[in-house]
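Notes follow the structure.
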Amino acid sequence: MNKTIIEIKDMKRDFVVGTETVHALRGVSFNIKEGEFVTIMGASGSGKSTLLNQLGCLDTPSSGEYWLDGHSVGEMNKNERSTIRNRKIGFVFQSYNLLSKTTAIENVELPLIYNPAFTAKERRQKAQEALESVGLKDRLYHKSNQMSGGQMQRVAIARALVNDPVLILADEATGNLDSRTAFEIIVLFQELYRKGRTIIFVTHNPELAAFSSRNIVLRDGKIIKDINNETIASAREVLEKMPKQEEN
Amino acid sequence: MNIGNLIKISFRALSNNKMRAFLTMLGIIIGVASVITMLAIGQGSKVSIQSQISEMGSNMIMIQPGAGMMGGVRQSASDMQSLKMEDYNAIREKVDYISLISPSVSSSGQFIFGSNNYPASISGVNTEYTEIRKLTVDEGNMFSDLQIKSSAKVCVIGQTIVKNLFTNGENPIGKVIRFNKTPFTVIGTLKAKGYNSMGMDQDNIVLAPYTTIQKRILAITYIQGIFASATTEGVTDKATEQISEILRANHKLKATDDDDFNIRSQEELSSMLTSTSDMMTILLACIAGISLLVGGIGIMNIMYVSVKERTREIGLRMSIGAKSKDILAQFLIEAILISFTGGIIGVILGVGASVIVNLTLSWPVSILPYSVFLSFLVCTVTGVFFGWYPAKTASELDPIEALRYE
Ligand SMILES: Nc1ncnc2c1ncn2[C@@H]1O[C@H](COP(=O)(O)OP(=O)(O)O)[C@@H](O)[C@H]1O
Ligand SMILES: [Mg+2]
């Protein structure tokens, strides 16, 4: 039996905007085990990003409990949350969030710079390995503004992998990409899944549900569906059936 | 997070955005350089006026007969007969704070040598006069006490006189020139001093024993003035006071009577003249202050905006594990690097500009250490503060808020 990585209980998040209160999460509970590939789906505004930000310790919930890899996040202060993000979590954002005018390898190194356990040499080494694993072996010294969207997202994924996180979180990671490039990214996530990584993948696109091991669907800040997917489709097969285009 | 990593991060951030770093620096550079240059020009003119005044004489005190005003009419000092040799002798003996003293009588007229003539005045003085006025004998000699005693018809002449009378380049020493009708033997020439700050030709001068002028030219026994040197600049006022007391006693003035003489000191003159240049320095300092203020506001703006602009970067760094203090340290180091580099370039440019002004316009400049220090301090502190402050605000946000910043 795999161990539980995430455990949340009755998590709520309210935003006060002027005199109104927006209930973005209205009590969400679930557990996620090591090695799961979870897609969180739902219409726009259903609370997916808000939920992911709670899971990533980027935001603080209004109420509810959250254990990440055995640590109670609710009891942590800001610095401890920084450390836990640095050691246990890898993020992939929709808009890549790379440092501008900075080389791929420097972008990937960034999380390790904030971890005193790594020397400069180890950082280089690990960043290089991470970039190789996302297929950017020959783009190490390209700057972020010299790369395509797909390549930038690969750099972002490499950055999310470089610190060997227990959890990879992706928010609309394919949202800015054309469908072919998007599938290339899904292929990458499936490879990570096969290697045993725990992945939470947020998307508003229901078609992507077939490629993960579990689907959670949100509506108005509540879970309306949470099912395991027994027959995971292969993204690579889909990609191979797609009309070929010139790689740029 | 160690400091080495932080410095590396800061350097990378700066070198990835050289233009932004340069523009931020520019405000600091201009602020510092302009303040240094302007104050250097102001101070330079002040120093040059002061040095010209001190060239006029050494702690000189001038005594002339007559009060400043008489019934609203300024009387010519040379018409007054209230200053006597007894006064001169009394001052010479009784005043403690003077080191040199000379009586003075003068007459103006025409100097003639051969077919050349030149209008000038002849000053009758004693041997100490040259030292009081900081004059130095170039060729030949100053007249002696013996020549004073015998009212010898000898004179020492300045370069303007040499130039106008000895047009063929003759050696003036030993030649006889005539002042009106009286022949004088030239026994020495004075070194050139040029024009003073009031535009007076200090080489248009002829010195002769005062006894000669008194007896052979003017036929008088009184004197027209006294020149003295205070032992140091600091005791000028004390010397002036003592002289005044002695003269009042000699002239038997009652307590209610006004002085029948007036005493002016070089110090007075110097403070009068430097006050105009002080005004200019103040004016320049005001302009410099304003440019420092404008520069400061510029630095503030550009720093503030460029850090604010990087709120998303701050959000990203925090989301992948940077602590607030890592963010703060990074932006502080960046601000320090920018501000100090800018400040140092500003100092170099300011000093360079002062030197160039001096060389090309030949304006006197004098760089004030405090202007370097102050402008550097103001600009760098502003730069560092406004680099640090927005970074602090951003680092206090939740990472997600910082990431969402537009
Ligand atoms: N910072 C915020 N302030 C106010 N309201 C917010 C904020 N973030 C999200 N919301 C609101 O919470 C709800 C859920 O948003 P979000 O989690 O971004 O939805 P999704 O990612 O599913 O599209 C929306 O109604 C949104 O307007
Ligand atoms: Mg969203």
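Ligands are numbered from 1 in the order shown, chains are lettered A, B, ... in the order of the structure tokens, and residues start at 1 in each chain.
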
Show me, as a list in words, the residues that have an atom within 9 Å of Arg87 (chain A) when counting only C-alpha atoms, minus same-chain residues fewer than 4 positions from it. Ser82, Thr83, Pro111, Asn115, Asn163, Asp164, Pro165 and Val166 of chain A; Ile320 and Gly321 of chain B

Any chance you could tabulate, as a tab-separated table, the residues of chain B at most 10 Å from ligand 1 with each one's nearest atom pair and distance in Å to one decimal, using only C-alpha atoms and all ligand atoms, in chain and rising number order?
```
residue	atom	partner	partner_atom_place_in_ligand_line	distance
B:Ile400	CA	ligand 1	1 (N)	8.4
B:Glu401	CA	ligand 1	1 (N)	7.1
B:Arg404	CA	ligand 1	1 (N)	8.4
```

Within 6 Å of chain B: residues of chain A, using only C-alpha atoms, as a PyMOL selection string: chain A and resi 58+79+82-83+85-86+101+111+114+116

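When the distance limit is 8 Å and only C-alpha atoms are what count, the residues near region 224-230 of chain A, minus those fewer than 2 positions from it on the same chain, are Ala210, Ser212, Ser213, Arg214, Asn215, Ile216, Val217, Leu218, Arg219, Lys222 and Ile232 of chain A.
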
Show me, as a ChimeraX atom specification, the residues that have an atom within 7 Å of Glu172 (chain A) when counting only C-alpha atoms, minus same-chain residues fewer than 5 positions from it. /A:93-94,202-203

Region 106-120 of chain B: which residues within 12 Å, counting only C-alpha atoms, same-chain residues fewer than 2 positions away excluded, as number ranges by chain? B: 77-79, 103-104, 122-125, 155, 157-158, 160-168, 170, 172, 175-186, 201, 203-220, 222-226

Contacts with ligand 2 at most 9 Å, only C-alpha atoms and all ligand atoms counted, listed as a ChimeraX atom specification: /A:44-50,52,94,171-172,202-204

Hey, can you spit out that residue selection with N, CA and C atoms as a compact mmCIF listing (two decimals), in the first residue's frame?
```txt
# COMPACT_ATOMS: atom_id res chain seq x y z
N SER A 44 -14.43 27.04 -15.49
CA SER A 44 -13.65 28.19 -15.05
C SER A 44 -14.33 28.85 -13.85
N GLY A 45 -13.58 29.14 -12.83
CA GLY A 45 -14.14 29.77 -11.63
C GLY A 45 -14.66 28.76 -10.61
N SER A 46 -14.46 27.47 -10.87
CA SER A 46 -14.98 26.47 -9.94
C SER A 46 -14.08 26.27 -8.73
N GLY A 47 -12.88 26.85 -8.74
CA GLY A 47 -12.03 26.80 -7.55
C GLY A 47 -10.80 25.92 -7.70
N LYS A 48 -10.51 25.49 -8.94
CA LYS A 48 -9.39 24.57 -9.16
C LYS A 48 -8.06 25.21 -8.75
N SER A 49 -7.82 26.43 -9.25
CA SER A 49 -6.54 27.08 -8.95
C SER A 49 -6.43 27.37 -7.47
N THR A 50 -7.54 27.79 -6.88
CA THR A 50 -7.53 28.08 -5.44
C THR A 50 -7.13 26.83 -4.66
N LEU A 52 -5.42 24.24 -5.79
CA LEU A 52 -4.03 23.88 -6.06
C LEU A 52 -3.06 24.78 -5.27
N GLN A 94 0.72 27.90 -15.69
CA GLN A 94 0.21 28.09 -17.04
C GLN A 94 1.11 29.04 -17.84
N ASP A 171 -0.81 23.79 -12.94
CA ASP A 171 -2.06 24.54 -13.11
C ASP A 171 -2.20 24.96 -14.57
N GLU A 172 -3.10 24.30 -15.29
CA GLU A 172 -3.33 24.60 -16.71
C GLU A 172 -2.00 24.62 -17.46
N VAL A 202 -4.12 20.31 -12.93
CA VAL A 202 -5.37 21.05 -13.03
C VAL A 202 -5.63 21.43 -14.47
N THR A 203 -6.87 21.16 -14.94
CA THR A 203 -7.22 21.57 -16.30
C THR A 203 -8.72 21.80 -16.41
N HIS A 204 -9.11 22.70 -17.31
CA HIS A 204 -10.55 22.88 -17.54
C HIS A 204 -10.99 22.02 -18.73
```

Using the chain letters and numbers from this document, which residues of region 54-164 of chain A does DSSP assign to strand (DSSP E), as a PDB file with N, CA and C atoms, in the first residue's frame?
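Below is the file selection-v4.pdb, written as the result:
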```pdb
ATOM      1  N   SER A  63     -10.175  27.908   6.464  1.00  0.00           N
ATOM      2  CA  SER A  63     -10.302  26.889   7.517  1.00  0.00           C
ATOM      3  C   SER A  63     -10.032  25.524   6.909  1.00  0.00           C
ATOM      4  N   GLY A  64      -9.938  24.515   7.756  1.00  0.00           N
ATOM      5  CA  GLY A  64      -9.660  23.164   7.283  1.00  0.00           C
ATOM      6  C   GLY A  64      -8.254  22.733   7.634  1.00  0.00           C
ATOM      7  N   GLU A  65      -8.009  21.422   7.486  1.00  0.00           N
ATOM      8  CA  GLU A  65      -6.694  20.905   7.840  1.00  0.00           C
ATOM      9  C   GLU A  65      -5.995  20.335   6.619  1.00  0.00           C
ATOM     10  N   TYR A  66      -4.672  20.375   6.661  1.00  0.00           N
ATOM     11  CA  TYR A  66      -3.901  19.908   5.513  1.00  0.00           C
ATOM     12  C   TYR A  66      -2.602  19.284   6.012  1.00  0.00           C
ATOM     13  N   TRP A  67      -2.432  17.994   5.687  1.00  0.00           N
ATOM     14  CA  TRP A  67      -1.150  17.338   5.972  1.00  0.00           C
ATOM     15  C   TRP A  67      -0.445  17.047   4.666  1.00  0.00           C
ATOM     16  N   LEU A  68       0.780  17.469   4.578  1.00  0.00           N
ATOM     17  CA  LEU A  68       1.575  17.193   3.388  1.00  0.00           C
ATOM     18  C   LEU A  68       2.759  16.340   3.806  1.00  0.00           C
ATOM     19  N   HIS A  71       3.397  16.383   7.428  1.00  0.00           N
ATOM     20  CA  HIS A  71       3.534  17.656   8.135  1.00  0.00           C
ATOM     21  C   HIS A  71       2.218  18.424   8.097  1.00  0.00           C
ATOM     22  N   SER A  72       1.838  19.000   9.222  1.00  0.00           N
ATOM     23  CA  SER A  72       0.623  19.797   9.266  1.00  0.00           C
ATOM     24  C   SER A  72       0.933  21.215   8.782  1.00  0.00           C
ATOM     25  N   ILE A  89       7.838  20.272  -3.091  1.00  0.00           N
ATOM     26  CA  ILE A  89       6.862  20.576  -4.138  1.00  0.00           C
ATOM     27  C   ILE A  89       7.555  21.107  -5.390  1.00  0.00           C
ATOM     28  N   GLY A  90       7.030  20.707  -6.559  1.00  0.00           N
ATOM     29  CA  GLY A  90       7.463  21.312  -7.816  1.00  0.00           C
ATOM     30  C   GLY A  90       6.253  21.906  -8.506  1.00  0.00           C
ATOM     31  N   PHE A  91       6.382  23.161  -8.960  1.00  0.00           N
ATOM     32  CA  PHE A  91       5.248  23.828  -9.607  1.00  0.00           C
ATOM     33  C   PHE A  91       5.455  23.966 -11.099  1.00  0.00           C
ATOM     34  N   VAL A  92       4.343  23.809 -11.824  1.00  0.00           N
ATOM     35  CA  VAL A  92       4.346  24.169 -13.246  1.00  0.00           C
ATOM     36  C   VAL A  92       3.155  25.099 -13.455  1.00  0.00           C
TER      37      VAL A  92
END
```

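The nearest approach to Ser265 (chain B) among the residues B:Val372, B:Ile333, B:Leu146, B:Ile243, with only C-alpha atoms taken into account, belongs to B:Ile243.
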
Which of region 46-92 of chain A fall in alpha helix (DSSP H), as a ChimeraX atom specification: /A:48-55,78-88

Residues of the last selection are to be written out with C-alpha atoms, as an mmCIF file, in the first residue's frame.
```cif
data_model
loop_
_atom_site.group_PDB
_atom_site.id
_atom_site.type_symbol
_atom_site.label_atom_id
_atom_site.label_comp_id
_atom_site.auth_asym_id
_atom_site.auth_seq_id
_atom_site.Cartn_x
_atom_site.Cartn_y
_atom_site.Cartn_z
ATOM 1 C CA LYS A 48 -9.387 24.567 -9.163
ATOM 2 C CA SER A 49 -6.544 27.079 -8.948
ATOM 3 C CA THR A 50 -7.526 28.080 -5.444
ATOM 4 C CA LEU A 51 -7.391 24.433 -4.386
ATOM 5 C CA LEU A 52 -4.026 23.880 -6.065
ATOM 6 C CA ASN A 53 -2.588 26.974 -4.383
ATOM 7 C CA GLN A 54 -3.614 25.571 -1.005
ATOM 8 C CA LEU A 55 -1.996 22.236 -1.837
ATOM 9 C CA LYS A 78 5.775 31.652 6.381
ATOM 10 C CA ASN A 79 9.425 30.582 6.445
ATOM 11 C CA GLU A 80 8.579 26.935 7.109
ATOM 12 C CA ARG A 81 6.148 26.991 4.209
ATOM 13 C CA SER A 82 8.915 28.414 2.003
ATOM 14 C CA THR A 83 11.140 25.543 3.024
ATOM 15 C CA ILE A 84 8.494 22.909 2.434
ATOM 16 C CA ARG A 85 7.760 24.353 -1.026
ATOM 17 C CA ASN A 86 11.451 24.241 -1.735
ATOM 18 C CA ARG A 87 11.993 20.627 -0.621
ATOM 19 C CA LYS A 88 8.726 18.814 -1.351
#
```

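Using only C-alpha atoms, the smallest distance between any of B:Ser82, B:Phe331, B:Ser99, B:Phe227 and Ser306 (chain B) comes from B:Phe331.
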
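Atom pair CA of Val347 (chain B) / CA of Thr281 (chain B) has a distance of 19.4 Å (rounded to one decimal).
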
Do a neighbour search on region 136-141 of chain A at 7 Å with only C-alpha atoms, toss out local chain neighbours closer than 4 positions, and write the hits as a PDB file with C-alpha atoms, in the first residue's frame.
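In the end it all went to part.pdb:
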```pdb
ATOM      1  CA  THR A 103      19.272  30.729 -19.580  1.00  0.00           C
ATOM      2  CA  ALA A 104      17.354  27.476 -19.255  1.00  0.00           C
ATOM      3  CA  ILE A 105      19.928  25.997 -16.924  1.00  0.00           C
ATOM      4  CA  LEU A 131      16.735  19.408 -18.608  1.00  0.00           C
ATOM      5  CA  GLU A 132      17.909  16.207 -20.288  1.00  0.00           C
TER       6      GLU A 132
END
```

Report, in Å to a single decimal, how far apart CA of Ile6 (chain A) and CA of Thr39 (chain A) are.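 It comes out at 14.5 Å.
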